[in-house]
>>> print(open('run_18.cif').read())   # mmCIF, N, CA and C atoms
data_start
#
loop_
_atom_site.label_atom_id
_atom_site.label_comp_id
_atom_site.auth_asym_id
_atom_site.auth_seq_id
_atom_site.Cartn_x
_atom_site.Cartn_y
_atom_site.Cartn_z
N MET C 1 -26.54 51.43 26.14
CA MET C 1 -26.54 52.79 25.63
C MET C 1 -27.45 53.63 26.54
N ASP C 2 -26.98 54.81 26.89
CA ASP C 2 -27.78 55.66 27.76
C ASP C 2 -28.90 56.35 27.00
N CYS C 3 -29.84 56.87 27.73
CA CYS C 3 -31.02 57.51 27.15
C CYS C 3 -30.63 58.65 26.23
N GLN C 4 -29.71 59.45 26.66
CA GLN C 4 -29.29 60.63 25.90
C GLN C 4 -28.82 60.24 24.50
N ALA C 5 -27.97 59.25 24.42
CA ALA C 5 -27.44 58.81 23.14
C ALA C 5 -28.49 58.09 22.32
N LYS C 6 -29.32 57.28 22.97
CA LYS C 6 -30.32 56.49 22.27
C LYS C 6 -31.37 57.37 21.61
N ILE C 7 -31.88 58.36 22.33
CA ILE C 7 -32.93 59.20 21.75
C ILE C 7 -32.38 60.01 20.58
N LYS C 8 -31.15 60.47 20.71
CA LYS C 8 -30.53 61.23 19.63
C LYS C 8 -30.31 60.33 18.41
N GLU C 9 -29.86 59.10 18.65
CA GLU C 9 -29.65 58.14 17.56
C GLU C 9 -30.97 57.87 16.83
N LEU C 10 -32.03 57.65 17.59
CA LEU C 10 -33.33 57.36 16.98
C LEU C 10 -33.84 58.55 16.18
N ARG C 11 -33.68 59.74 16.74
CA ARG C 11 -34.13 60.94 16.03
C ARG C 11 -33.35 61.12 14.74
N GLU C 12 -32.05 60.94 14.79
CA GLU C 12 -31.23 61.08 13.59
C GLU C 12 -31.55 60.00 12.56
N GLU C 13 -31.92 58.82 13.03
CA GLU C 13 -32.29 57.73 12.12
C GLU C 13 -33.54 58.10 11.31
N THR C 14 -34.44 58.88 11.90
CA THR C 14 -35.64 59.30 11.17
C THR C 14 -35.34 60.39 10.16
N GLY C 15 -34.22 61.10 10.37
CA GLY C 15 -33.88 62.21 9.48
C GLY C 15 -34.66 63.47 9.81
N LEU C 16 -35.33 63.47 10.95
CA LEU C 16 -36.13 64.63 11.36
C LEU C 16 -35.36 65.51 12.33
N ASN C 17 -35.64 66.81 12.28
CA ASN C 17 -35.07 67.67 13.30
C ASN C 17 -35.89 67.46 14.58
N ARG C 18 -35.45 68.05 15.66
CA ARG C 18 -36.10 67.82 16.95
C ARG C 18 -37.57 68.22 16.94
N LYS C 19 -37.87 69.36 16.34
CA LYS C 19 -39.27 69.83 16.32
C LYS C 19 -40.17 68.87 15.55
N ALA C 20 -39.73 68.44 14.37
CA ALA C 20 -40.52 67.52 13.55
C ALA C 20 -40.68 66.16 14.25
N PHE C 21 -39.62 65.70 14.90
CA PHE C 21 -39.66 64.44 15.65
C PHE C 21 -40.71 64.52 16.75
N CYS C 22 -40.71 65.62 17.46
CA CYS C 22 -41.68 65.81 18.55
C CYS C 22 -43.11 65.84 18.02
N GLU C 23 -43.31 66.52 16.92
CA GLU C 23 -44.65 66.59 16.33
C GLU C 23 -45.10 65.21 15.84
N LYS C 24 -44.22 64.47 15.19
CA LYS C 24 -44.57 63.16 14.65
C LYS C 24 -44.98 62.19 15.76
N PHE C 25 -44.24 62.20 16.85
CA PHE C 25 -44.49 61.24 17.93
C PHE C 25 -45.29 61.83 19.10
N GLU C 26 -45.72 63.08 18.94
CA GLU C 26 -46.54 63.76 19.94
C GLU C 26 -45.89 63.74 21.33
N ILE C 27 -44.61 64.08 21.33
CA ILE C 27 -43.84 64.20 22.57
C ILE C 27 -43.50 65.68 22.72
N PRO C 28 -43.72 66.25 23.88
CA PRO C 28 -43.39 67.67 24.05
C PRO C 28 -41.92 67.97 23.72
N TYR C 29 -41.71 69.08 23.04
CA TYR C 29 -40.37 69.49 22.63
C TYR C 29 -39.41 69.56 23.82
N ARG C 30 -39.88 70.12 24.90
CA ARG C 30 -39.03 70.27 26.08
C ARG C 30 -38.60 68.91 26.62
N THR C 31 -39.49 67.95 26.57
CA THR C 31 -39.17 66.60 27.07
C THR C 31 -38.05 65.98 26.26
N VAL C 32 -38.15 66.02 24.93
CA VAL C 32 -37.10 65.44 24.08
C VAL C 32 -35.79 66.20 24.27
N THR C 33 -35.87 67.52 24.40
CA THR C 33 -34.68 68.32 24.65
C THR C 33 -33.99 67.88 25.94
N GLU C 34 -34.77 67.69 26.98
CA GLU C 34 -34.19 67.26 28.26
C GLU C 34 -33.62 65.85 28.17
N TRP C 35 -34.26 64.99 27.41
CA TRP C 35 -33.72 63.63 27.21
C TRP C 35 -32.38 63.71 26.50
N GLU C 36 -32.29 64.53 25.45
CA GLU C 36 -31.05 64.62 24.68
C GLU C 36 -29.94 65.31 25.47
N ARG C 37 -30.29 66.22 26.34
CA ARG C 37 -29.28 66.89 27.16
C ARG C 37 -28.86 66.04 28.35
N GLY C 38 -29.65 65.02 28.68
CA GLY C 38 -29.32 64.16 29.81
C GLY C 38 -29.81 64.67 31.14
N THR C 39 -30.67 65.70 31.13
CA THR C 39 -31.21 66.20 32.39
C THR C 39 -32.39 65.37 32.89
N ARG C 40 -33.00 64.61 31.96
CA ARG C 40 -34.07 63.66 32.30
C ARG C 40 -33.85 62.41 31.48
N ASN C 41 -34.37 61.30 31.95
CA ASN C 41 -34.27 60.05 31.20
C ASN C 41 -35.65 59.58 30.79
N ALA C 42 -35.74 59.13 29.56
CA ALA C 42 -36.98 58.54 29.08
C ALA C 42 -37.12 57.16 29.71
N PRO C 43 -38.35 56.76 30.01
CA PRO C 43 -38.55 55.38 30.48
C PRO C 43 -38.07 54.39 29.41
N ASP C 44 -37.53 53.28 29.86
CA ASP C 44 -37.01 52.28 28.93
C ASP C 44 -38.05 51.83 27.92
N TYR C 45 -39.30 51.68 28.38
CA TYR C 45 -40.33 51.20 27.46
C TYR C 45 -40.60 52.21 26.34
N VAL C 46 -40.44 53.51 26.62
CA VAL C 46 -40.64 54.53 25.59
C VAL C 46 -39.55 54.41 24.53
N LEU C 47 -38.33 54.23 24.97
CA LEU C 47 -37.22 54.07 24.02
C LEU C 47 -37.41 52.82 23.17
N ARG C 48 -37.85 51.72 23.80
CA ARG C 48 -38.08 50.49 23.04
C ARG C 48 -39.20 50.65 22.04
N LEU C 49 -40.29 51.32 22.43
CA LEU C 49 -41.40 51.53 21.51
C LEU C 49 -41.01 52.42 20.34
N LEU C 50 -40.29 53.50 20.64
CA LEU C 50 -39.83 54.38 19.57
C LEU C 50 -38.92 53.62 18.61
N GLU C 51 -37.99 52.86 19.15
CA GLU C 51 -37.07 52.10 18.32
C GLU C 51 -37.83 51.10 17.44
N TYR C 52 -38.77 50.39 18.03
CA TYR C 52 -39.56 49.41 17.28
C TYR C 52 -40.33 50.10 16.16
N TYR C 53 -40.99 51.19 16.48
CA TYR C 53 -41.80 51.90 15.49
C TYR C 53 -40.94 52.43 14.34
N ILE C 54 -39.85 53.09 14.69
CA ILE C 54 -38.98 53.70 13.67
C ILE C 54 -38.36 52.64 12.77
N ARG C 55 -37.87 51.56 13.36
CA ARG C 55 -37.23 50.52 12.55
C ARG C 55 -38.26 49.77 11.71
N THR C 56 -39.45 49.54 12.25
CA THR C 56 -40.50 48.87 11.48
C THR C 56 -40.95 49.74 10.31
N GLU C 57 -41.12 51.02 10.58
CA GLU C 57 -41.51 51.96 9.52
C GLU C 57 -40.46 51.99 8.40
N LYS C 58 -39.20 51.99 8.80
CA LYS C 58 -38.11 52.00 7.82
C LYS C 58 -38.11 50.70 6.99
N LEU C 59 -38.30 49.57 7.64
CA LEU C 59 -38.33 48.28 6.96
C LEU C 59 -39.50 48.23 5.97
N LEU C 60 -40.66 48.68 6.40
CA LEU C 60 -41.83 48.68 5.51
C LEU C 60 -41.61 49.59 4.30
N ALA C 61 -40.95 50.71 4.51
CA ALA C 61 -40.66 51.61 3.40
C ALA C 61 -39.71 50.94 2.41
N GLU C 62 -38.72 50.22 2.94
CA GLU C 62 -37.78 49.53 2.06
C GLU C 62 -38.45 48.42 1.28
N LEU C 63 -39.35 47.70 1.92
CA LEU C 63 -40.07 46.62 1.24
C LEU C 63 -41.01 47.18 0.19
N GLY C 64 -41.57 48.33 0.44
CA GLY C 64 -42.49 48.96 -0.50
C GLY C 64 -41.79 49.45 -1.77
N GLN C 65 -40.51 49.69 -1.67
CA GLN C 65 -39.74 50.17 -2.83
C GLN C 65 -39.34 49.04 -3.76
N LYS C 66 -39.40 47.82 -3.28
CA LYS C 66 -38.96 46.67 -4.09
C LYS C 66 -40.07 46.17 -4.97
#
>>> encode(input="run_18.cif", output="structure tokens")
Amino acid sequence: MDCQAKIKELREETGLNRKAFCEKFEIPYRTVTEWERGTRNAPDYVLRLLEYYIRTEKLLAELGQK
């Protein structure tokens, strides 16, 4: 999966709009915009870290509800 699709998928998985996503993860708005437009690519390690964090947070929230 390319950076453009991956970052958008991760952002949508959080349920946050672009501005809130940027604020939560302390990533400049312009950077995320350029990643989603495909004019720049995020480093692979950033995508992996974001994915790990988002999925772990989601799993912990689900476990907390049980």
>>> resolve_selection(input="run_18.cif", expression="the PyMOL selection byres (((chain C and resi 18-28 and name CA) around 12) and name CA)", output="ChimeraX atom specification")
/C:7-17,29-36,42,46-47,49-51,53-54
>>> atom_distance(input="run_18.cif", atom1="atom C of Met1 of chain C", atom2="atom CA of Leu60 of chain C")
26.0 Å
>>> atom_distance(input="run_18.cif", atom1="atom CA of Asn41 of chain C", atom2="atom CA of Asp2 of chain C")
8.6 Å
>>> select_by_dssp(input="run_18.cif", residues="chain C", states="alpha helix (DSSP H)", output="compact mmCIF listing (two decimals) with N, CA and C atoms, in the frame of the given file")
# COMPACT_ATOMS: atom_id res chain seq x y z
N CYS C 3 -29.84 56.87 27.73
CA CYS C 3 -31.02 57.51 27.15
C CYS C 3 -30.63 58.65 26.23
N GLN C 4 -29.71 59.45 26.66
CA GLN C 4 -29.29 60.63 25.90
C GLN C 4 -28.82 60.24 24.50
N ALA C 5 -27.97 59.25 24.42
CA ALA C 5 -27.44 58.81 23.14
C ALA C 5 -28.49 58.09 22.32
N LYS C 6 -29.32 57.28 22.97
CA LYS C 6 -30.32 56.49 22.27
C LYS C 6 -31.37 57.37 21.61
N ILE C 7 -31.88 58.36 22.33
CA ILE C 7 -32.93 59.20 21.75
C ILE C 7 -32.38 60.01 20.58
N LYS C 8 -31.15 60.47 20.71
CA LYS C 8 -30.53 61.23 19.63
C LYS C 8 -30.31 60.33 18.41
N GLU C 9 -29.86 59.10 18.65
CA GLU C 9 -29.65 58.14 17.56
C GLU C 9 -30.97 57.87 16.83
N LEU C 10 -32.03 57.65 17.59
CA LEU C 10 -33.33 57.36 16.98
C LEU C 10 -33.84 58.55 16.18
N ARG C 11 -33.68 59.74 16.74
CA ARG C 11 -34.13 60.94 16.03
C ARG C 11 -33.35 61.12 14.74
N GLU C 12 -32.05 60.94 14.79
CA GLU C 12 -31.23 61.08 13.59
C GLU C 12 -31.55 60.00 12.56
N GLU C 13 -31.92 58.82 13.03
CA GLU C 13 -32.29 57.73 12.12
C GLU C 13 -33.54 58.10 11.31
N THR C 14 -34.44 58.88 11.90
CA THR C 14 -35.64 59.30 11.17
C THR C 14 -35.34 60.39 10.16
N ARG C 18 -35.45 68.05 15.66
CA ARG C 18 -36.10 67.82 16.95
C ARG C 18 -37.57 68.22 16.94
N LYS C 19 -37.87 69.36 16.34
CA LYS C 19 -39.27 69.83 16.32
C LYS C 19 -40.17 68.87 15.55
N ALA C 20 -39.73 68.44 14.37
CA ALA C 20 -40.52 67.52 13.55
C ALA C 20 -40.68 66.16 14.25
N PHE C 21 -39.62 65.70 14.90
CA PHE C 21 -39.66 64.44 15.65
C PHE C 21 -40.71 64.52 16.75
N CYS C 22 -40.71 65.62 17.46
CA CYS C 22 -41.68 65.81 18.55
C CYS C 22 -43.11 65.84 18.02
N GLU C 23 -43.31 66.52 16.92
CA GLU C 23 -44.65 66.59 16.33
C GLU C 23 -45.10 65.21 15.84
N LYS C 24 -44.22 64.47 15.19
CA LYS C 24 -44.57 63.16 14.65
C LYS C 24 -44.98 62.19 15.76
N PHE C 25 -44.24 62.20 16.85
CA PHE C 25 -44.49 61.24 17.93
C PHE C 25 -45.29 61.83 19.10
N TYR C 29 -41.71 69.08 23.04
CA TYR C 29 -40.37 69.49 22.63
C TYR C 29 -39.41 69.56 23.82
N ARG C 30 -39.88 70.12 24.90
CA ARG C 30 -39.03 70.27 26.08
C ARG C 30 -38.60 68.91 26.62
N THR C 31 -39.49 67.95 26.57
CA THR C 31 -39.17 66.60 27.07
C THR C 31 -38.05 65.98 26.26
N VAL C 32 -38.15 66.02 24.93
CA VAL C 32 -37.10 65.44 24.08
C VAL C 32 -35.79 66.20 24.27
N THR C 33 -35.87 67.52 24.40
CA THR C 33 -34.68 68.32 24.65
C THR C 33 -33.99 67.88 25.94
N GLU C 34 -34.77 67.69 26.98
CA GLU C 34 -34.19 67.26 28.26
C GLU C 34 -33.62 65.85 28.17
N TRP C 35 -34.26 64.99 27.41
CA TRP C 35 -33.72 63.63 27.21
C TRP C 35 -32.38 63.71 26.50
N GLU C 36 -32.29 64.53 25.45
CA GLU C 36 -31.05 64.62 24.68
C GLU C 36 -29.94 65.31 25.47
N ARG C 37 -30.29 66.22 26.34
CA ARG C 37 -29.28 66.89 27.16
C ARG C 37 -28.86 66.04 28.35
N ASP C 44 -37.53 53.28 29.86
CA ASP C 44 -37.01 52.28 28.93
C ASP C 44 -38.05 51.83 27.92
N TYR C 45 -39.30 51.68 28.38
CA TYR C 45 -40.33 51.20 27.46
C TYR C 45 -40.60 52.21 26.34
N VAL C 46 -40.44 53.51 26.62
CA VAL C 46 -40.64 54.53 25.59
C VAL C 46 -39.55 54.41 24.53
N LEU C 47 -38.33 54.23 24.97
CA LEU C 47 -37.22 54.07 24.02
C LEU C 47 -37.41 52.82 23.17
N ARG C 48 -37.85 51.72 23.80
CA ARG C 48 -38.08 50.49 23.04
C ARG C 48 -39.20 50.65 22.04
N LEU C 49 -40.29 51.32 22.43
CA LEU C 49 -41.40 51.53 21.51
C LEU C 49 -41.01 52.42 20.34
N LEU C 50 -40.29 53.50 20.64
CA LEU C 50 -39.83 54.38 19.57
C LEU C 50 -38.92 53.62 18.61
N GLU C 51 -37.99 52.86 19.15
CA GLU C 51 -37.07 52.10 18.32
C GLU C 51 -37.83 51.10 17.44
N TYR C 52 -38.77 50.39 18.03
CA TYR C 52 -39.56 49.41 17.28
C TYR C 52 -40.33 50.10 16.16
N TYR C 53 -40.99 51.19 16.48
CA TYR C 53 -41.80 51.90 15.49
C TYR C 53 -40.94 52.43 14.34
N ILE C 54 -39.85 53.09 14.69
CA ILE C 54 -38.98 53.70 13.67
C ILE C 54 -38.36 52.64 12.77
N ARG C 55 -37.87 51.56 13.36
CA ARG C 55 -37.23 50.52 12.55
C ARG C 55 -38.26 49.77 11.71
N THR C 56 -39.45 49.54 12.25
CA THR C 56 -40.50 48.87 11.48
C THR C 56 -40.95 49.74 10.31
N GLU C 57 -41.12 51.02 10.58
CA GLU C 57 -41.51 51.96 9.52
C GLU C 57 -40.46 51.99 8.40
N LYS C 58 -39.20 51.99 8.80
CA LYS C 58 -38.11 52.00 7.82
C LYS C 58 -38.11 50.70 6.99
N LEU C 59 -38.30 49.57 7.64
CA LEU C 59 -38.33 48.28 6.96
C LEU C 59 -39.50 48.23 5.97
N LEU C 60 -40.66 48.68 6.40
CA LEU C 60 -41.83 48.68 5.51
C LEU C 60 -41.61 49.59 4.30
N ALA C 61 -40.95 50.71 4.51
CA ALA C 61 -40.66 51.61 3.40
C ALA C 61 -39.71 50.94 2.41
N GLU C 62 -38.72 50.22 2.94
CA GLU C 62 -37.78 49.53 2.06
C GLU C 62 -38.45 48.42 1.28
N LEU C 63 -39.35 47.70 1.92
CA LEU C 63 -40.07 46.62 1.24
C LEU C 63 -41.01 47.18 0.19
N GLY C 64 -41.57 48.33 0.44
CA GLY C 64 -42.49 48.96 -0.50
C GLY C 64 -41.79 49.45 -1.77
N GLN C 65 -40.51 49.69 -1.67
CA GLN C 65 -39.74 50.17 -2.83
C GLN C 65 -39.34 49.04 -3.76
>>> atom_distance(input="run_18.cif", atom1="atom CA of Arg37 of chain C", atom2="atom N of Gln4 of chain C")
7.5 Å
>>> build_atoms(input="run_18.cif", residues="segment 9-27 of chain C", atoms="N, CA, C and O atoms", output="PDB file, in the frame of the given file")
ATOM      1  N   GLU C   9     -29.860  59.100  18.650  1.00  0.00           N
ATOM      2  CA  GLU C   9     -29.650  58.140  17.560  1.00  0.00           C
ATOM      3  C   GLU C   9     -30.970  57.870  16.830  1.00  0.00           C
ATOM      4  O   GLU C   9     -31.020  57.867  15.605  1.00  0.00           O
ATOM      5  N   LEU C  10     -32.030  57.650  17.590  1.00  0.00           N
ATOM      6  CA  LEU C  10     -33.330  57.360  16.980  1.00  0.00           C
ATOM      7  C   LEU C  10     -33.840  58.550  16.180  1.00  0.00           C
ATOM      8  O   LEU C  10     -34.368  58.400  15.083  1.00  0.00           O
ATOM      9  N   ARG C  11     -33.680  59.740  16.740  1.00  0.00           N
ATOM     10  CA  ARG C  11     -34.130  60.940  16.030  1.00  0.00           C
ATOM     11  C   ARG C  11     -33.350  61.120  14.740  1.00  0.00           C
ATOM     12  O   ARG C  11     -33.927  61.400  13.686  1.00  0.00           O
ATOM     13  N   GLU C  12     -32.050  60.940  14.790  1.00  0.00           N
ATOM     14  CA  GLU C  12     -31.230  61.080  13.590  1.00  0.00           C
ATOM     15  C   GLU C  12     -31.550  60.000  12.560  1.00  0.00           C
ATOM     16  O   GLU C  12     -31.480  60.242  11.355  1.00  0.00           O
ATOM     17  N   GLU C  13     -31.920  58.820  13.030  1.00  0.00           N
ATOM     18  CA  GLU C  13     -32.290  57.730  12.120  1.00  0.00           C
ATOM     19  C   GLU C  13     -33.540  58.100  11.310  1.00  0.00           C
ATOM     20  O   GLU C  13     -33.673  57.679  10.167  1.00  0.00           O
ATOM     21  N   THR C  14     -34.440  58.880  11.900  1.00  0.00           N
ATOM     22  CA  THR C  14     -35.640  59.300  11.170  1.00  0.00           C
ATOM     23  C   THR C  14     -35.340  60.390  10.160  1.00  0.00           C
ATOM     24  O   THR C  14     -36.138  60.618   9.253  1.00  0.00           O
ATOM     25  N   GLY C  15     -34.220  61.100  10.370  1.00  0.00           N
ATOM     26  CA  GLY C  15     -33.880  62.210   9.480  1.00  0.00           C
ATOM     27  C   GLY C  15     -34.660  63.470   9.810  1.00  0.00           C
ATOM     28  O   GLY C  15     -34.644  64.431   9.045  1.00  0.00           O
ATOM     29  N   LEU C  16     -35.330  63.470  10.950  1.00  0.00           N
ATOM     30  CA  LEU C  16     -36.130  64.630  11.360  1.00  0.00           C
ATOM     31  C   LEU C  16     -35.360  65.510  12.330  1.00  0.00           C
ATOM     32  O   LEU C  16     -34.543  65.004  13.110  1.00  0.00           O
ATOM     33  N   ASN C  17     -35.640  66.810  12.280  1.00  0.00           N
ATOM     34  CA  ASN C  17     -35.070  67.670  13.300  1.00  0.00           C
ATOM     35  C   ASN C  17     -35.890  67.460  14.580  1.00  0.00           C
ATOM     36  O   ASN C  17     -36.895  66.749  14.591  1.00  0.00           O
ATOM     37  N   ARG C  18     -35.450  68.050  15.660  1.00  0.00           N
ATOM     38  CA  ARG C  18     -36.100  67.820  16.950  1.00  0.00           C
ATOM     39  C   ARG C  18     -37.570  68.220  16.940  1.00  0.00           C
ATOM     40  O   ARG C  18     -38.426  67.500  17.450  1.00  0.00           O
ATOM     41  N   LYS C  19     -37.870  69.360  16.340  1.00  0.00           N
ATOM     42  CA  LYS C  19     -39.270  69.830  16.320  1.00  0.00           C
ATOM     43  C   LYS C  19     -40.170  68.870  15.550  1.00  0.00           C
ATOM     44  O   LYS C  19     -41.248  68.500  16.013  1.00  0.00           O
ATOM     45  N   ALA C  20     -39.730  68.440  14.370  1.00  0.00           N
ATOM     46  CA  ALA C  20     -40.520  67.520  13.550  1.00  0.00           C
ATOM     47  C   ALA C  20     -40.680  66.160  14.250  1.00  0.00           C
ATOM     48  O   ALA C  20     -41.740  65.544  14.191  1.00  0.00           O
ATOM     49  N   PHE C  21     -39.620  65.700  14.900  1.00  0.00           N
ATOM     50  CA  PHE C  21     -39.660  64.440  15.650  1.00  0.00           C
ATOM     51  C   PHE C  21     -40.710  64.520  16.750  1.00  0.00           C
ATOM     52  O   PHE C  21     -41.519  63.604  16.916  1.00  0.00           O
ATOM     53  N   CYS C  22     -40.710  65.620  17.460  1.00  0.00           N
ATOM     54  CA  CYS C  22     -41.680  65.810  18.550  1.00  0.00           C
ATOM     55  C   CYS C  22     -43.110  65.840  18.020  1.00  0.00           C
ATOM     56  O   CYS C  22     -44.006  65.238  18.619  1.00  0.00           O
ATOM     57  N   GLU C  23     -43.310  66.520  16.920  1.00  0.00           N
ATOM     58  CA  GLU C  23     -44.650  66.590  16.330  1.00  0.00           C
ATOM     59  C   GLU C  23     -45.100  65.210  15.840  1.00  0.00           C
ATOM     60  O   GLU C  23     -46.245  64.819  16.065  1.00  0.00           O
ATOM     61  N   LYS C  24     -44.220  64.470  15.190  1.00  0.00           N
ATOM     62  CA  LYS C  24     -44.570  63.160  14.650  1.00  0.00           C
ATOM     63  C   LYS C  24     -44.980  62.190  15.760  1.00  0.00           C
ATOM     64  O   LYS C  24     -45.949  61.460  15.625  1.00  0.00           O
ATOM     65  N   PHE C  25     -44.240  62.200  16.850  1.00  0.00           N
ATOM     66  CA  PHE C  25     -44.490  61.240  17.930  1.00  0.00           C
ATOM     67  C   PHE C  25     -45.290  61.830  19.100  1.00  0.00           C
ATOM     68  O   PHE C  25     -45.502  61.154  20.099  1.00  0.00           O
ATOM     69  N   GLU C  26     -45.720  63.080  18.940  1.00  0.00           N
ATOM     70  CA  GLU C  26     -46.540  63.760  19.940  1.00  0.00           C
ATOM     71  C   GLU C  26     -45.890  63.740  21.330  1.00  0.00           C
ATOM     72  O   GLU C  26     -46.519  63.419  22.336  1.00  0.00           O
ATOM     73  N   ILE C  27     -44.610  64.080  21.330  1.00  0.00           N
ATOM     74  CA  ILE C  27     -43.840  64.200  22.570  1.00  0.00           C
ATOM     75  C   ILE C  27     -43.500  65.680  22.720  1.00  0.00           C
ATOM     76  O   ILE C  27     -43.021  66.285  21.760  1.00  0.00           O
TER      77      ILE C  27
END
